[in-house]
Each structure stands twice: as C-alpha cells, then as structure tokens.
Amino acid sequence: MPSELPSEPRKRLRPVDLGREHGLSAQAVRNYEQDGFLPTAERTPTGYRIYTELHAAALRTFLALVRAYGHATAGAVMNAVHAGRTDDALTALDHGHAQLLRDRETLTSVRGAVEHLAEAAEPAPAPGPLALSIGELGHRLGLTPATLRTWEAAGILLPQRDRATGHRVFRATDVRDAELAHLLRRGGYRLPHIAAVVQQIRTAGGTSALAAALTDWQQRLTARGLAMLSAAAHLSAYLTAAAGSDR
C-alpha cells in the first residue's frame, strides 16, 4: 500500500532525499522531474530545487506504475496527470489492463492446447535431413498449398526460401509445426491461438518444456496484476494529495 502523506506537505526535500528511498541518484530524480513524471519544483533564489512530500509521493507513484505497466505507460500516465488530463491517464491504464486480460486469455488457450497435444501425443520432428516443398508438405498432411500459405501468413509456419528458386522449403521443425497446427485445427482452435502455441513451443523447445514454462507465465501474470493493484492505490492517493495541494 502507498505511504500516507505526512501532515507537513511543505516540508523541504532535496533530490538526494527523494532518491535515497528508491536507490536512485539525485540526477535521476531531476531527470524524472524534467520529463514531467514529477510536478515542477519551485526554486530557491540560488536556483536549487525545492521538493516536498508531494514530489516524494509522485516518485513513489511513478515507480509503482513502472513495475506494473512499464516505463512508457508510467511516464504517459504521470504526464497526463500533471497536465490535468486525468481521463487520458486512466485510459492508458485501461489499455494496460486490457493487455493483461488478453495475455490471460492467450495463456488459457495455450494451456488448453498443450493439454490437447499431450492427450494426442505430440508429433516429433521427422528424423534425418528433410526438406519438403509446399506441395509435398500439403500432400503429407492432406492439405492444400493455399492452406499452408494461410498458416504462414498467420505466423504458424516460418519456412525458409530456396536461394536459387525462391520456393518455400519446409525442414524438420517446420514439418513438426505444421503437424501440430493440423492437430490443433482439427481440435477447433483458431489460427491466432495456434500461432501463439507454436511460437511458445519454438521458444521452449517442445510441449514438455512449454508445460513447465506455463507455470512461470501464470506467476508473472499474477505478479503483474498485483503490481497494477498497488500502482492504482499509489495513483489514487497521489491524485487526492495533488488535488489538496491545489486548494
């Protein structure tokens, strides 16, 4: 939960005071102010910045937003807040929540597909050197070349090209991906979901490794969701404090 603002809102703080709490340098704090992530600081007659607890709260809020939404969104939110565009700030957060929801839906789809593959037995890459043309692969799977080209456009297949002819060349792992896609298509999965599954399998090195990776993926999504809750609490407290300072 965000720290409550003390009862002395005009307490003077230095950049080093703000940065110490987060392990940041004084220059980093000044840079954050220059970028609009903190409200503009007043200056002493000699030009030194005067920070207050409001600036400290802004810094806590910005860093909480970074952990939850990333640097770009966090900066956009704080810029919008300091420009008086609260709805724009909230819209930026809405996009972050929408992305998290899409990621959860993708995870659910991938997990279901992996379970489907496990039940059906994952096809292994064909042994030995293998290089099939699009027609040969289509014949092997009972599919038309047009279907395979559609799968390629969807990111499911990534065939190389023969340098001499420019024709597609499907090697062992490409054949495996095509067979996985064919299996999932028969199971009723849509092309975007199949593309996500195949991409994860490429990255993980097979469905067995992917199954283990899904647990880590779930944990990261949960952590991101909790970070969003924390960031929302910080932002709410900061908006209230900033409104009070304007009175």
# chains A, B, ... in the order shown; residues from 1 in each chain; ligands from 1

call {"tool": "residues_around", "arguments": {"residues": "stretch 51-68 of chain A", "least_positions_apart": "2", "cutoff": "6 Å", "atoms": "only C-alpha atoms", "output": "count of residues only"}}
result
18

call {"tool": "closest_residue", "arguments": {"among": "A:Ala232, A:Leu157, A:Ile201, A:Leu148", "to": "A:Arg171", "atoms": "only C-alpha atoms"}}
result
A:Leu157

call {"tool": "residues_around", "arguments": {"residues": "A:Thr86", "least_positions_apart": "3", "cutoff": "12 Å", "atoms": "only C-alpha atoms", "output": "MDAnalysis selection string"}}
result
chainID A and resid 76:83 89:93 235:236 239 242:243

call {"tool": "atom_distance", "arguments": {"atom1": "atom CA of A:Leu100", "atom2": "atom CA of A:Arg220"}}
result
10.6 Å

call {"tool": "select_by_dssp", "arguments": {"residues": "stretch 25-56 of chain A", "states": "strand (DSSP E or B)", "output": "VMD selection string"}}
result
chain A and resid 42 to 43 49 to 51

call {"tool": "residues_around", "arguments": {"residues": "A:Gln27", "least_positions_apart": "2", "cutoff": "12 Å", "atoms": "only C-alpha atoms", "output": "PDB file with C-alpha atoms, in the first residue's frame"}}
result
ATOM      1  CA  ARG A  14      16.434  17.627  -1.696  1.00  0.00           C
ATOM      2  CA  PRO A  15      16.757  15.413  -4.795  1.00  0.00           C
ATOM      3  CA  VAL A  16      19.042  13.122  -2.821  1.00  0.00           C
ATOM      4  CA  ASP A  17      16.339  12.779  -0.143  1.00  0.00           C
ATOM      5  CA  LEU A  18      13.799  11.569  -2.698  1.00  0.00           C
ATOM      6  CA  GLY A  19      16.238   9.263  -4.436  1.00  0.00           C
ATOM      7  CA  ARG A  20      17.574   7.600  -1.284  1.00  0.00           C
ATOM      8  CA  GLY A  23      18.227   3.721  -4.519  1.00  0.00           C
ATOM      9  CA  LEU A  24      18.168   6.435  -7.167  1.00  0.00           C
ATOM     10  CA  SER A  25      20.691   9.175  -7.764  1.00  0.00           C
ATOM     11  CA  VAL A  29      15.236  12.415  -9.674  1.00  0.00           C
ATOM     12  CA  ARG A  30      15.980  15.663 -11.506  1.00  0.00           C
ATOM     13  CA  ASN A  31      15.602  13.837 -14.833  1.00  0.00           C
ATOM     14  CA  TYR A  32      12.213  12.477 -13.781  1.00  0.00           C
ATOM     15  CA  GLU A  33      11.064  15.991 -12.964  1.00  0.00           C
ATOM     16  CA  GLN A  34      12.371  17.288 -16.297  1.00  0.00           C
ATOM     17  CA  ARG A  49      15.122  22.751  -6.480  1.00  0.00           C
TER      18      ARG A  49
END

call {"tool": "atom_distance", "arguments": {"atom1": "atom CA of A:Arg190", "atom2": "atom CA of A:Ala154"}}
result
10.4 Å

call {"tool": "atom_distance", "arguments": {"atom1": "atom CA of A:Pro159", "atom2": "atom CA of A:Leu132"}}
result
9.8 Å

call {"tool": "select_by_dssp", "arguments": {"residues": "stretch 18-188 of chain A", "states": "alpha helix (DSSP H)", "output": "number ranges by chain"}}
result
A: 18-20, 26-34, 53-69, 71-82, 86-120, 134-141, 145-153, 172-186

call {"tool": "closest_residue", "arguments": {"among": "A:Val198, A:Val110, A:Ala223, A:Ala28", "to": "A:Asp177", "atoms": "only C-alpha atoms"}}
result
A:Val198

call {"tool": "closest_residue", "arguments": {"among": "A:Thr73, A:Thr173, A:Thr203, A:Thr222", "to": "A:Asp88", "atoms": "only C-alpha atoms"}}
result
A:Thr73
